[in-house]
Structures are given as C-alpha cells and as structure tokens.
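upload.txt (compact mmCIF, C-alpha atoms) appears below.
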# COMPACT_ATOMS: atom_id res chain seq x y z
CA MET A 30 247.80 44.31 106.50
CA SER A 31 246.74 47.29 104.50
CA ARG A 32 245.54 50.32 106.37
CA LEU A 33 243.19 52.89 105.07
CA VAL A 34 243.89 56.50 105.84
CA PHE A 35 240.59 58.19 106.49
CA LEU A 36 240.08 61.71 105.28
CA VAL A 37 238.90 64.15 107.89
CA ALA A 38 235.15 63.76 108.00
CA PHE A 39 232.67 66.32 109.14
CA PHE A 40 229.39 65.48 110.74
CA LEU A 41 226.60 66.14 108.30
CA ALA A 42 224.01 68.70 109.37
CA ALA A 43 221.11 66.50 108.35
CA PRO A 44 220.26 63.51 110.54
CA ALA A 45 221.96 60.81 108.58
CA PHE A 46 222.40 57.71 110.64
CA ALA A 47 220.92 54.50 109.37
CA HIS A 48 217.41 53.66 110.42
CA HIS A 49 218.33 50.03 110.24
CA SER A 50 221.04 48.06 108.51
CA ALA A 51 221.37 44.72 106.90
CA ILE A 52 224.70 43.80 108.50
CA ALA A 53 224.54 45.10 112.03
CA GLU A 54 224.54 48.81 112.73
CA TYR A 55 226.93 51.54 111.88
CA ASP A 56 229.11 53.18 114.47
CA LEU A 57 228.17 56.83 114.77
CA GLU A 58 231.52 57.47 116.46
CA LYS A 59 233.31 56.37 113.27
CA PRO A 60 232.42 58.67 110.38
CA ILE A 61 234.15 57.74 107.15
CA LYS A 62 234.86 59.37 103.83
CA VAL A 63 236.31 57.39 100.95
CA ASN A 64 237.17 58.21 97.37
CA GLY A 65 236.99 55.60 94.67
CA THR A 66 235.32 53.97 91.69
CA VAL A 67 231.89 52.41 91.76
CA THR A 68 232.16 48.72 90.84
CA ARG A 69 228.67 47.34 91.48
CA ILE A 70 225.21 48.58 92.38
CA GLU A 71 222.33 46.61 93.86
CA TRP A 72 219.35 48.89 93.59
CA THR A 73 217.08 46.62 95.61
CA ASN A 74 214.99 46.44 98.73
CA PRO A 75 215.29 46.52 101.66
CA HIS A 76 218.35 48.75 101.09
CA ILE A 77 220.37 49.71 98.09
CA TRP A 78 223.94 48.53 98.17
CA PHE A 79 226.82 49.97 96.17
CA TYR A 80 230.45 48.98 96.09
CA VAL A 81 233.45 51.23 95.63
CA ASP A 82 237.08 50.30 94.88
CA VAL A 83 239.21 52.50 97.09
CA LYS A 84 242.96 52.73 96.54
CA ASN A 85 244.93 52.41 99.77
CA PRO A 86 248.12 54.40 100.39
CA ASP A 87 250.19 51.25 99.84
CA GLY A 88 248.70 50.80 96.38
CA THR A 89 246.37 47.95 97.25
CA VAL A 90 242.68 48.29 96.63
CA THR A 91 239.85 47.63 99.06
CA ASN A 92 236.32 47.16 97.82
CA TRP A 93 234.00 48.97 100.22
CA GLY A 94 230.31 48.15 100.51
CA PHE A 95 227.78 50.82 101.37
CA SER A 96 224.10 50.51 102.13
CA GLY A 97 221.51 53.22 101.75
CA ALA A 98 217.79 53.82 101.74
CA PRO A 99 215.27 51.62 99.95
CA PRO A 100 214.68 52.43 96.25
CA GLY A 101 211.20 53.82 96.96
CA VAL A 102 212.51 56.28 99.54
CA LEU A 103 215.21 57.42 97.10
CA GLN A 104 212.70 57.72 94.27
CA ARG A 105 210.60 60.01 96.43
CA ARG A 106 213.73 62.11 96.98
CA GLY A 107 214.21 62.35 93.21
CA ILE A 108 217.09 59.85 93.12
CA SER A 109 216.67 57.08 90.58
CA ARG A 110 218.82 54.08 89.76
CA SER A 111 220.39 56.06 86.92
CA SER A 112 221.91 58.45 89.47
CA MET A 113 224.96 56.22 89.88
CA LYS A 114 226.72 53.81 87.50
CA PRO A 115 229.62 51.41 87.74
CA GLY A 116 232.72 53.33 86.74
CA ASP A 117 231.64 56.57 88.39
CA GLN A 118 234.26 58.32 90.51
CA VAL A 119 232.66 59.13 93.82
CA VAL A 120 233.32 60.36 97.31
CA VAL A 121 231.16 58.49 99.79
CA GLN A 122 230.49 59.71 103.31
CA GLY A 123 228.85 57.72 106.05
CA PHE A 124 229.63 55.69 109.12
CA ARG A 125 231.67 52.55 109.43
CA ALA A 126 230.08 49.20 110.22
CA LYS A 127 230.32 48.28 113.89
CA ASP A 128 231.99 44.99 113.06
CA GLY A 129 234.95 46.89 111.63
CA SER A 130 234.53 45.47 108.14
CA SER A 131 234.99 47.49 104.97
CA ASN A 132 231.35 48.40 104.99
CA GLY A 133 229.53 51.53 105.89
CA SER A 134 226.33 53.46 105.63
CA GLY A 135 226.45 55.29 102.32
CA ASP A 136 224.87 58.54 103.39
CA THR A 137 226.12 61.03 100.82
CA VAL A 138 227.64 60.43 97.42
CA THR A 139 229.50 63.29 95.73
CA PHE A 140 230.43 63.24 92.05
CA PRO A 141 233.39 65.05 90.42
CA ASP A 142 231.06 67.74 89.03
CA GLY A 143 230.00 68.57 92.58
CA ARG A 144 226.61 66.87 92.31
CA ARG A 145 225.64 65.35 95.64
CA VAL A 146 223.04 62.70 96.32
CA PHE A 147 221.74 61.97 99.78
CA THR A 148 221.35 58.20 99.86
CA ALA A 149 220.95 57.73 103.61
CA MET A 150 218.09 56.17 105.43
CA GLU A 151 216.59 58.95 107.46
CA GLY A 152 217.13 58.26 111.11
CA LEU A 153 215.46 59.39 114.23
CA GLY A 154 216.82 62.91 114.04
CA GLN A 155 216.13 64.74 117.23
CA GLN A 156 213.34 62.47 118.35
CA ARG A 157 213.97 61.39 121.92
CA MET B 25 169.75 100.40 115.31
CA VAL B 26 173.05 101.14 117.02
CA THR B 27 173.30 97.51 118.12
CA LYS B 28 172.79 96.27 114.53
CA ARG B 29 175.47 98.63 113.28
CA VAL B 30 177.88 97.46 115.99
CA VAL B 31 177.20 93.84 115.12
CA ALA B 32 177.70 94.59 111.41
CA LEU B 33 180.97 96.34 112.21
CA LEU B 34 182.08 93.43 114.33
CA PHE B 35 181.38 91.05 111.45
CA VAL B 36 183.43 93.18 109.09
CA ALA B 37 186.25 93.41 111.60
CA LEU B 38 186.20 89.67 112.17
CA ALA B 39 186.21 88.97 108.45
CA GLY B 40 189.18 91.24 108.17
CA VAL B 41 191.03 89.34 110.89
CA VAL B 42 190.24 85.99 109.34
CA SER B 43 191.30 87.02 105.84
CA ALA B 44 194.42 88.66 107.23
CA GLN B 45 195.52 85.20 108.38
CA GLY B 46 195.93 84.18 104.76
CA PRO B 47 194.05 81.57 102.73
CA SER B 48 191.98 79.50 105.13
CA LYS B 49 192.67 75.79 105.36
CA SER B 50 189.76 73.76 104.12
CA THR B 51 187.92 72.56 107.17
CA ALA B 52 185.53 70.48 105.10
CA ILE B 53 186.52 66.84 105.44
CA PRO B 54 185.80 64.15 102.88
CA ARG B 55 182.94 61.88 103.91
CA ALA B 56 181.93 58.48 102.69
CA ALA B 57 178.47 57.75 101.30
CA ASP B 58 177.31 56.72 104.79
CA GLY B 59 178.32 60.13 106.14
CA LYS B 60 181.31 58.85 108.09
CA PRO B 61 184.62 60.70 107.74
CA ASP B 62 186.75 59.06 105.05
CA PHE B 63 190.41 58.57 105.95
CA SER B 64 191.38 57.27 102.54
CA GLY B 65 194.54 58.77 101.15
CA ILE B 66 198.30 58.63 101.40
CA TRP B 67 199.65 60.14 104.59
CA ASP B 68 203.04 60.52 106.15
CA ASN B 69 203.90 58.46 109.23
CA PRO B 70 202.35 59.63 112.51
CA LYS B 71 204.36 62.34 114.21
CA PRO B 72 204.08 64.74 117.14
CA ARG B 73 202.61 68.06 116.06
CA THR B 74 205.58 70.13 117.14
CA ALA B 75 208.52 67.84 116.35
CA ARG B 76 207.92 66.35 112.94
CA GLY B 77 211.19 64.52 112.36
CA PRO B 78 211.51 61.61 109.93
CA ALA B 79 210.76 58.81 112.40
CA THR B 80 208.82 58.80 115.65
CA VAL B 81 209.46 57.20 119.01
CA PHE B 82 207.52 57.43 122.23
CA ASP B 83 208.21 60.36 124.53
CA ARG B 84 209.74 58.94 127.70
CA THR B 85 208.61 61.92 129.74
CA LYS B 86 205.09 60.58 129.34
CA PHE B 87 205.84 57.09 130.64
CA PRO B 88 203.97 56.27 133.87
CA PRO B 89 205.84 54.44 136.64
CA PHE B 90 206.71 50.80 136.14
CA LYS B 91 205.02 48.00 137.97
CA PRO B 92 207.36 45.65 139.83
CA GLY B 93 209.00 43.58 137.11
CA GLY B 94 208.10 46.20 134.52
CA GLU B 95 211.80 46.81 133.92
CA ALA B 96 211.57 44.02 131.35
CA PHE B 97 210.36 46.85 129.14
CA TYR B 98 214.02 47.76 128.66
CA GLU B 99 215.95 44.86 127.27
CA PRO B 100 219.64 44.81 126.41
CA ARG B 101 221.05 43.51 123.16
CA THR B 102 222.01 39.87 123.10
CA GLY B 103 224.15 39.96 119.96
CA ASP B 104 221.71 37.69 118.14
CA PRO B 105 220.09 39.61 115.26
CA ARG B 106 216.96 37.55 115.70
CA HIS B 107 216.52 39.42 118.96
CA ASP B 108 218.41 42.66 118.30
CA GLU B 109 217.32 43.54 114.81
CA PRO B 110 214.79 41.08 113.40
CA ARG B 111 214.00 43.46 110.56
CA ALA B 112 217.58 42.96 109.34
CA PHE B 113 216.33 39.65 108.06
CA CYS B 114 212.88 40.78 107.17
CA MET B 115 211.03 39.73 110.28
CA PRO B 116 208.15 41.96 111.38
CA SER B 117 208.76 45.31 112.94
CA GLY B 118 205.91 44.97 115.38
CA PHE B 119 203.35 47.56 116.42
CA PRO B 120 203.29 50.46 116.33
CA SER B 121 207.00 50.65 115.35
CA ALA B 122 206.28 49.46 111.79
CA PHE B 123 204.12 52.52 111.22
CA LEU B 124 206.41 55.04 112.91
CA GLY B 125 209.37 54.88 110.53
CA PRO B 126 209.92 57.41 107.72
CA TYR B 127 207.55 55.79 105.22
CA PRO B 128 204.16 56.81 103.86
CA VAL B 129 201.00 55.21 105.21
CA GLN B 130 198.11 54.58 102.85
CA MET B 131 194.59 54.30 104.20
CA ILE B 132 191.84 52.72 102.15
CA GLN B 133 188.38 52.82 103.66
CA ASN B 134 184.97 51.46 102.83
CA ALA B 135 181.87 51.15 104.98
CA LYS B 136 183.01 47.89 106.59
CA THR B 137 186.78 48.10 106.74
CA LEU B 138 189.73 50.42 107.11
CA VAL B 139 192.95 49.16 105.61
CA MET B 140 196.14 50.81 106.83
CA ILE B 141 199.31 50.02 104.89
CA THR B 142 202.79 51.33 105.52
CA GLU B 143 205.27 51.39 102.65
CA PHE B 144 207.70 49.74 105.07
CA MET B 145 207.51 46.10 104.07
CA ARG B 146 203.88 46.73 103.06
CA VAL B 147 202.81 45.92 106.63
CA THR B 148 199.04 45.92 106.48
CA ARG B 149 196.36 46.25 109.12
CA ILE B 150 192.80 45.30 108.21
CA ILE B 151 190.42 46.88 110.69
CA PRO B 152 186.72 46.02 110.81
CA LEU B 153 184.53 49.04 111.44
CA ASP B 154 181.37 47.35 112.63
CA GLY B 155 182.05 47.58 116.35
CA ARG B 156 182.57 43.86 116.78
CA PRO B 157 184.28 42.52 119.92
CA HIS B 158 187.78 41.06 119.91
CA GLN B 159 188.21 37.48 118.87
CA ALA B 160 188.63 35.07 121.75
CA ASP B 161 191.24 32.37 122.13
CA ILE B 162 193.40 33.40 119.22
CA GLU B 163 197.15 33.23 118.97
CA PRO B 164 199.00 36.46 119.65
CA THR B 165 200.35 38.13 116.55
CA TYR B 166 202.92 40.80 115.68
CA TYR B 167 200.27 43.34 114.76
CA GLY B 168 197.47 42.21 117.06
CA ASP B 169 193.71 41.89 116.63
CA PRO B 170 192.24 45.33 115.79
CA VAL B 171 188.55 46.22 116.05
CA GLY B 172 187.07 49.57 115.12
CA LYS B 173 183.98 51.51 116.06
CA TRP B 174 182.76 55.05 115.51
CA GLU B 175 182.22 57.56 118.28
CA GLY B 176 180.67 60.36 116.29
CA ASP B 177 183.30 61.45 113.80
CA THR B 178 186.12 59.73 115.67
CA LEU B 179 187.20 56.24 114.76
CA VAL B 180 188.33 54.26 117.78
CA ILE B 181 190.57 51.26 117.07
CA ASP B 182 191.17 48.87 119.96
CA THR B 183 193.89 46.27 119.49
CA THR B 184 194.86 43.32 121.68
CA HIS B 185 196.50 39.88 121.39
CA PHE B 186 200.00 41.03 120.59
CA LYS B 187 203.13 38.94 120.67
CA ARG B 188 205.79 40.41 122.91
CA TRP B 189 207.83 42.65 120.61
CA SER B 190 209.55 46.00 120.40
CA LEU B 191 207.37 49.06 120.94
CA ASP B 192 209.36 51.52 118.89
CA ASP B 193 212.82 52.13 117.40
CA TYR B 194 214.36 53.96 120.31
CA TYR B 195 217.34 51.61 120.19
CA TYR B 196 218.56 53.46 117.10
CA THR B 197 219.04 56.44 119.37
CA ASN B 198 220.36 54.51 122.34
CA SER B 199 221.33 50.92 121.70
CA LYS B 200 220.97 50.13 125.40
CA GLU B 201 217.28 50.92 125.34
CA TYR B 202 215.18 48.34 123.63
CA ARG B 203 211.57 48.87 124.60
CA MET B 204 209.77 45.56 124.55
CA HIS B 205 206.07 45.62 125.17
CA SER B 206 204.60 42.55 126.84
CA ASP B 207 201.96 40.20 125.50
CA ALA B 208 199.43 42.11 127.60
CA PHE B 209 199.97 45.12 125.34
CA HIS B 210 196.69 46.84 124.46
CA THR B 211 196.40 49.94 122.30
CA VAL B 212 193.62 52.40 121.63
CA GLU B 213 193.89 54.68 118.62
CA ARG B 214 191.52 57.58 118.12
CA LEU B 215 191.46 59.04 114.63
CA THR B 216 189.72 62.32 113.92
CA ARG B 217 190.09 64.10 110.61
CA VAL B 218 190.31 67.65 111.86
CA ASP B 219 190.73 69.18 108.43
CA ALA B 220 191.23 67.97 104.89
CA GLY B 221 194.98 67.57 105.39
CA THR B 222 195.23 66.30 108.96
CA ILE B 223 194.19 63.32 111.05
CA LYS B 224 194.49 63.86 114.76
CA TYR B 225 195.87 60.53 115.99
CA ASP B 226 195.78 59.92 119.73
CA PHE B 227 197.65 56.72 120.55
CA THR B 228 197.06 55.18 123.97
CA VAL B 229 199.48 52.58 125.31
CA ASP B 230 198.09 50.25 127.94
CA ASP B 231 200.50 47.53 129.03
CA PRO B 232 199.36 46.32 132.45
CA LYS B 233 202.35 43.98 132.84
CA ILE B 234 204.75 46.90 132.59
CA PHE B 235 203.10 50.21 133.42
CA THR B 236 200.92 51.25 136.35
CA LYS B 237 198.50 53.03 134.03
CA PRO B 238 197.93 53.82 130.35
CA TRP B 239 199.25 56.94 128.67
CA THR B 240 198.56 58.72 125.40
CA GLU B 241 200.64 60.31 122.67
CA ASN B 242 199.02 63.00 120.57
CA TRP B 243 200.27 62.50 117.05
CA GLU B 244 199.09 63.57 113.62
CA PHE B 245 198.98 62.14 110.14
CA LYS B 246 199.46 64.69 107.37
CA LEU B 247 198.04 64.13 103.91
CA HIS B 248 200.36 64.08 100.87
CA PRO B 249 198.24 64.31 97.74
CA GLU B 250 201.43 64.54 95.65
CA TRP B 251 202.20 60.91 96.57
CA GLU B 252 199.01 59.68 94.87
CA LYS B 253 200.73 59.80 91.49
CA THR B 254 203.13 56.96 92.28
CA GLY B 255 201.41 55.45 95.32
CA LEU B 256 203.31 53.36 97.82
CA TYR B 257 206.45 51.91 96.34
CA GLU B 258 206.89 48.19 96.54
CA MET B 259 209.24 46.98 99.24
CA VAL B 260 209.92 43.26 99.09
CA CYS B 261 212.32 42.86 101.97
CA ASN B 262 213.61 39.46 100.89
CA GLU B 263 214.75 40.76 97.52
CA ASN B 264 218.24 41.30 98.90
CA ASN B 265 217.99 39.94 102.41
CA ARG B 266 221.54 40.03 103.74
CA CYS B 267 220.71 38.15 106.92
CA PRO B 268 218.61 35.15 105.92
CA GLY B 269 217.49 33.23 108.96
CA GLY B 270 219.34 35.65 111.19
CA GLN B 271 222.77 34.77 109.81
CA CYS B 272 224.14 37.97 108.35
CA VAL B 273 226.47 37.49 105.40
CA LYS B 274 229.12 39.94 104.36
CA GLN B 275 229.59 41.05 100.77

Please rewrite the model in this file as structure tokens.
Amino acid sequence: MSRLVFLVAFFLAAPAFAHHSAIAEYDLEKPIKVNGTVTRIEWTNPHIWFYVDVKNPDGTVTNWGFSGAPPGVLQRRGISRSSMKPGDQVVVQGFRAKDGSSNGSGDTVTFPDGRRVFTAMEGLGQQR
Amino acid sequence: MVTKRVVALLFVALAGVVSAQGPSKSTAIPRAADGKPDFSGIWDNPKPRTARGPATVFDRTKFPPFKPGGEAFYEPRTGDPRHDEPRAFCMPSGFPSAFLGPYPVQMIQNAKTLVMITEFMRVTRIIPLDGRPHQADIEPTYYGDPVGKWEGDTLVIDTTHFKRWSLDDYYYTNSKEYRMHSDAFHTVERLTRVDAGTIKYDFTVDDPKIFTKPWTENWEFKLHPEWEKTGLYEMVCNENNRCPGGQCVKQ
C-alpha cells in the first residue's frame, strides 16, 4: 500500500475551510500540501474540481481530487477558468477529506512562478 | 444681535465638524415612483454590523431559553447526507441559511412585489407587497410563505409555513450542532434602507415549538454597485452533482 508523505503544512491565515463539500466534509485537523501535475479540471457548479497526479516516495502515482469554490465566486475574485490548465505543475494546500480518500479541499494553488490562487470556498471565519 | 451672531458661529462650527468627518455618505435613498423606498440592487449577504465575515450564523448568546422538548433544535449527524448535508446533492438550503452564505443577493422591486434572489443556487423568494394575509391550508415549504407590508419606510416581511429544516450553517463550525427549526418556525424581517448603500435588516426568529420567546438579530445588507456589471452568476447545482439522490460518488 503506497503511503504519501505529507509536507509540513501551515494553517493559512485566511479562513479557508470549505463552506460545504460534495463528498462529505474535510477534516480541519488534517491539513495537506501536495505537489504534482494537473490532469483534469471541471470548472463547474456547484464546486470546481481539479485533479493532480502526485508522485509518491515509492514511485507510484496517486491522482488527488480537490474541490473549490463555485465558478461565479472565483470569477468575482478575479480567477477565471484559464487560471489553471492540465499539465500545470502546482502545489495544492487544503484539508483532507474526512473519509480518508485521496481528496481534499483545494484551498490554495501555487504555481512555479510563485503565483498563488485562492480557490477555497469561504467558510464561516470567526462567526460563532 | 449677539444671539444671531452666536447662532451663525455655531452653524459655521458645525459645518466645520461635519466636513472634517470627510465626504458625507449619501443619505438620500432611491425611491420608487409610488414614493416607497426601492431596495433594488445587488447586495452582499446579510451580516452583523461589527463582524462582517464571509458567512453568517445566528449568535447563540441571543437565544432565549428552550421550551421543554426544544432541544430538538440541536440535532446530531446521522451519517446520511440527505439529513447531514442535503445541499451536497443540491437539495434546498432552507431559510434563512440559503441567504446567509457568502453569495450576493439581488433584490428586484416593483410596486407589487419584491423578489430576493441569492446567487447560491439562485434560491428565489417572491414577496407580495400588498399587505395580504398568509395563505391558509398550504403545504409547508423550504422557504415558507412570505407576505410583505409597509410600515412607513420599513418593509415588514412575515413568513410562515416552513418545513422543518436547518436554521443556519453553524454545523460547519461545530459538526455536533445542527440547528433545526421546527415547522412552527415564523420569521419577521424588517428592512429599512438607512442610506444609499445600506439596508438595516432586523431578523426576528419566532419558533414557539423550540424557544420560549422570539429574538432578533440586527444585520445589514451592503450595496455592491460594482457587481451590477456581471450580475449574479449562474449556479446550476446539478451540473456536477457528486451526490445524486444522496449517494455520494468518488472520482
């Protein structure tokens, strides 16, 4: 069974947990950060999905699925569908799916040139 | 003579104070042809004045005591997405939770009707403004039966006949705390456009099966004229519904 070694993740300053998710929820105790190649993008409602091939230490590859905000929310943030393409090398930060699958919230995507896009659904922040 | 000079000086001083506060916010509010305040425009979601985060939930410090049996307000997860997260498969969000998420709200008003639409799943409320009574003997619905009437410049929207559903999205903060209003849920919204950019939005929750008395949140809508260019974006939830019928599928 392949095991992924997670890079040390830091908690993002901005409230970044998913407002709601298509699979279940994401575990805020399990931040993740993966590095890989974008293979597929579904720029659709209710959430965008993008998939990243991540090389494991043992040489195998796991295809991770990440969900983000709806396209309209991203558009309003200045992020269009042309922001990311299959083949892009990216670092994705978010939180792992509660069911333990290779899925996560795709909250921040960083490109090799340092460009960063904030693809998260905005959560409740400090509202209590 | 002295009195007139003092008054004149006071006016000058006051003008100085006012102008020292910077450009004054326009207090003139748009009015419809019938003289009523016009709420039309694209606003952000309602938020507390002092804590304008992306999404809004009810402030628990304002909750009145529960009636016996009112603990049903808090409902644990069952593991079934049809209960735990119906929006995961594009079921309604309920009221007012659908309007409290981080999405714009468009209001379109004419003399007879106010239409309130949130970008979130294009949930739409169509509110008659003629002061009619509630319908009788109708089925409860996710968004209830709203009726509106004017009290001076304040629009009062009274809504009843709700299905039992979640009140807000507090479970994203604490997954042990679903807040399910009962089917006796009754809301009163009071909208007053206090200046060109702000609607004062007092939201009263009255759920006599759960709480011993009603309580009110004092929220605000803020106008975003810059959103008029693109309007509300379309959001067809079923476009990529990953949990059709409540059965979530993996990639």

Counting only C-alpha atoms, a student should be able to say which residues of chain B come within 7 Å of chain A; what is the right answer, written as number ranges by chain?
B: 77-81, 83, 112, 126, 196-197, 257, 259-261, 263-264, 266-267, 272

For C-alpha atoms, I'd like the residues from the last selection saved as a JSON list (two decimals), keeping the file's coordinate frame.
[["chain", "number", "residue", "atom", "x", "y", "z"],
["B", 77, "GLY", "CA", 211.19, 64.52, 112.36],
["B", 78, "PRO", "CA", 211.51, 61.61, 109.93],
["B", 79, "ALA", "CA", 210.76, 58.81, 112.40],
["B", 80, "THR", "CA", 208.82, 58.80, 115.65],
["B", 81, "VAL", "CA", 209.46, 57.20, 119.01],
["B", 83, "ASP", "CA", 208.21, 60.36, 124.53],
["B", 112, "ALA", "CA", 217.58, 42.96, 109.34],
["B", 126, "PRO", "CA", 209.92, 57.41, 107.72],
["B", 196, "TYR", "CA", 218.56, 53.46, 117.10],
["B", 197, "THR", "CA", 219.04, 56.44, 119.37],
["B", 257, "TYR", "CA", 206.45, 51.91, 96.34],
["B", 259, "MET", "CA", 209.24, 46.98, 99.24],
["B", 260, "VAL", "CA", 209.92, 43.26, 99.09],
["B", 261, "CYS", "CA", 212.32, 42.86, 101.97],
["B", 263, "GLU", "CA", 214.75, 40.76, 97.52],
["B", 264, "ASN", "CA", 218.24, 41.30, 98.90],
["B", 266, "ARG", "CA", 221.54, 40.03, 103.74],
["B", 267, "CYS", "CA", 220.71, 38.15, 106.92],
["B", 272, "CYS", "CA", 224.14, 37.97, 108.35]]

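For the residues A:Gly133, A:Gly88, A:Gly143, A:Pro60, ranking by smallest atom-to-atom distance to A:Val119 using all atoms listed in the file places A:Gly143 first.
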
Between atom CA of B:Val273 and atom CA of B:Gly118, distance in Å (one decimal)
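One can read the atom CA of B:Val273 to atom CA of B:Gly118 distance as 24.0 Å.
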
For B:Ala122, which of B:Val147, B:Leu153, B:Val212, B:Ile66 is the closest residue, counting all atoms listed in the file?
B:Val147

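Distance annotation: of B:Gly59, B:Phe144, B:Trp251, B:Pro157, the residue with the minimal separation from A:Arg106 is B:Trp251; atom set is only C-alpha atoms.
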
I'd like the contact shell of stretch 108-117 of chain A - 6 Å cut-off, only C-alpha atoms, skipping same-chain residues fewer than 2 positions apart - returned as JSON, numbers by chain.
{"A": [66, 67, 68, 69, 103, 104, 106]}

Calculated over all atoms listed in the file, which of the candidates B:Ile141, B:Ala57, B:Ala52, B:Ala96 has the smallest distance to B:Glu258?
B:Ile141

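With atom CA of B:Leu256 on one side and atom CA of B:Arg203 on the other, the separation reads 28.4 Å.
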
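Between atom CA of B:Pro120 and atom CA of B:Asn134 the separation is 22.8 Å.
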
Would you pick out the contacts of stretch 232-245 of chain B at 8 Å or less, using only C-alpha atoms, so that residues sharing its chain but fewer than 2 positions from it are not included, and give the list as a VMD selection string?
chain B and resid 67 to 73 82 to 83 86 to 97 205 to 206 208 to 209 222 to 230 247

Applying 12 Å and all atoms listed in the file, which residues near B:Asp58 remain after dropping the ones on its own chain fewer than 3 positions away? List them as a PyMOL selection string.
chain B and resi 54-55+61-62+133-136+177

Compute the distance from (226.6, 58.7, 106.4) to each atom, counting all atoms listed in the file, keep the residues with any atom at most 6 Å away, and return them as number ranges by chain; use the coordinates of the file.
A: 45, 122-124, 134-136

Pull stretch 71-133 of chain A out of the block and emit C-alpha atoms, as a PDB file, in the first residue's frame.
ATOM      1  CA  GLU A  71     -14.019  20.510 -14.025  1.00  0.00           C
ATOM      2  CA  TRP A  72     -14.822  24.186 -13.880  1.00  0.00           C
ATOM      3  CA  THR A  73     -18.465  23.636 -12.971  1.00  0.00           C
ATOM      4  CA  ASN A  74     -21.063  24.314 -10.333  1.00  0.00           C
ATOM      5  CA  PRO A  75     -21.642  23.665  -7.522  1.00  0.00           C
ATOM      6  CA  HIS A  76     -17.865  23.418  -6.987  1.00  0.00           C
ATOM      7  CA  ILE A  77     -14.900  23.336  -9.274  1.00  0.00           C
ATOM      8  CA  TRP A  78     -12.937  20.123  -9.169  1.00  0.00           C
ATOM      9  CA  PHE A  79      -9.346  19.659 -10.255  1.00  0.00           C
ATOM     10  CA  TYR A  80      -7.183  16.578 -10.239  1.00  0.00           C
ATOM     11  CA  VAL A  81      -3.467  16.361  -9.606  1.00  0.00           C
ATOM     12  CA  ASP A  82      -1.076  13.444 -10.198  1.00  0.00           C
ATOM     13  CA  VAL A  83       1.183  13.288  -7.167  1.00  0.00           C
ATOM     14  CA  LYS A  84       4.288  11.104  -7.185  1.00  0.00           C
ATOM     15  CA  ASN A  85       4.628   9.027  -4.037  1.00  0.00           C
ATOM     16  CA  PRO A  86       8.015   8.301  -2.442  1.00  0.00           C
ATOM     17  CA  ASP A  87       7.857   4.728  -3.743  1.00  0.00           C
ATOM     18  CA  GLY A  88       7.491   5.974  -7.308  1.00  0.00           C
ATOM     19  CA  THR A  89       3.806   5.233  -7.674  1.00  0.00           C
ATOM     20  CA  VAL A  90       1.417   8.000  -8.571  1.00  0.00           C
ATOM     21  CA  THR A  91      -1.805   8.928  -6.825  1.00  0.00           C
ATOM     22  CA  ASN A  92      -4.364  11.104  -8.538  1.00  0.00           C
ATOM     23  CA  TRP A  93      -5.744  13.533  -5.967  1.00  0.00           C
ATOM     24  CA  GLY A  94      -9.085  15.280  -6.372  1.00  0.00           C
ATOM     25  CA  PHE A  95      -9.648  18.753  -4.986  1.00  0.00           C
ATOM     26  CA  SER A  96     -12.821  20.786  -4.793  1.00  0.00           C
ATOM     27  CA  GLY A  97     -13.036  24.539  -4.571  1.00  0.00           C
ATOM     28  CA  ALA A  98     -15.468  27.410  -4.801  1.00  0.00           C
ATOM     29  CA  PRO A  99     -18.138  27.747  -7.483  1.00  0.00           C
ATOM     30  CA  PRO A 100     -17.013  29.369 -10.761  1.00  0.00           C
ATOM     31  CA  GLY A 101     -19.012  32.541 -10.040  1.00  0.00           C
ATOM     32  CA  VAL A 102     -17.327  33.050  -6.676  1.00  0.00           C
ATOM     33  CA  LEU A 103     -13.911  32.559  -8.294  1.00  0.00           C
ATOM     34  CA  GLN A 104     -14.780  34.909 -11.145  1.00  0.00           C
ATOM     35  CA  ARG A 105     -15.632  37.594  -8.614  1.00  0.00           C
ATOM     36  CA  ARG A 106     -12.203  37.001  -7.063  1.00  0.00           C
ATOM     37  CA  GLY A 107     -10.594  37.528 -10.466  1.00  0.00           C
ATOM     38  CA  ILE A 108      -9.886  33.827 -11.030  1.00  0.00           C
ATOM     39  CA  SER A 109     -11.099  32.501 -14.366  1.00  0.00           C
ATOM     40  CA  ARG A 110     -11.023  29.025 -15.861  1.00  0.00           C
ATOM     41  CA  SER A 111      -7.834  29.963 -17.709  1.00  0.00           C
ATOM     42  CA  SER A 112      -6.027  30.287 -14.371  1.00  0.00           C
ATOM     43  CA  MET A 113      -5.187  26.583 -14.357  1.00  0.00           C
ATOM     44  CA  LYS A 114      -4.592  24.077 -17.172  1.00  0.00           C
ATOM     45  CA  PRO A 115      -3.902  20.375 -17.397  1.00  0.00           C
ATOM     46  CA  GLY A 116      -0.144  19.945 -17.365  1.00  0.00           C
ATOM     47  CA  ASP A 117       0.473  22.755 -14.884  1.00  0.00           C
ATOM     48  CA  GLN A 118       2.848  21.958 -12.031  1.00  0.00           C
ATOM     49  CA  VAL A 119       1.158  23.029  -8.845  1.00  0.00           C
ATOM     50  CA  VAL A 120       1.359  22.890  -5.091  1.00  0.00           C
ATOM     51  CA  VAL A 121      -2.108  22.485  -3.608  1.00  0.00           C
ATOM     52  CA  GLN A 122      -2.918  23.209   0.011  1.00  0.00           C
ATOM     53  CA  GLY A 123      -6.140  22.323   1.762  1.00  0.00           C
ATOM     54  CA  PHE A 124      -7.655  19.780   4.079  1.00  0.00           C
ATOM     55  CA  ARG A 125      -8.084  16.078   3.583  1.00  0.00           C
ATOM     56  CA  ALA A 126     -11.490  14.508   3.063  1.00  0.00           C
ATOM     57  CA  LYS A 127     -12.938  13.027   6.240  1.00  0.00           C
ATOM     58  CA  ASP A 128     -13.380   9.655   4.585  1.00  0.00           C
ATOM     59  CA  GLY A 129      -9.617   9.380   4.193  1.00  0.00           C
ATOM     60  CA  SER A 130      -9.749   9.211   0.409  1.00  0.00           C
ATOM     61  CA  SER A 131      -7.273  10.966  -1.866  1.00  0.00           C
ATOM     62  CA  ASN A 132      -9.471  14.003  -1.969  1.00  0.00           C
ATOM     63  CA  GLY A 133      -9.247  17.343  -0.318  1.00  0.00           C
TER      64      GLY A 133
END
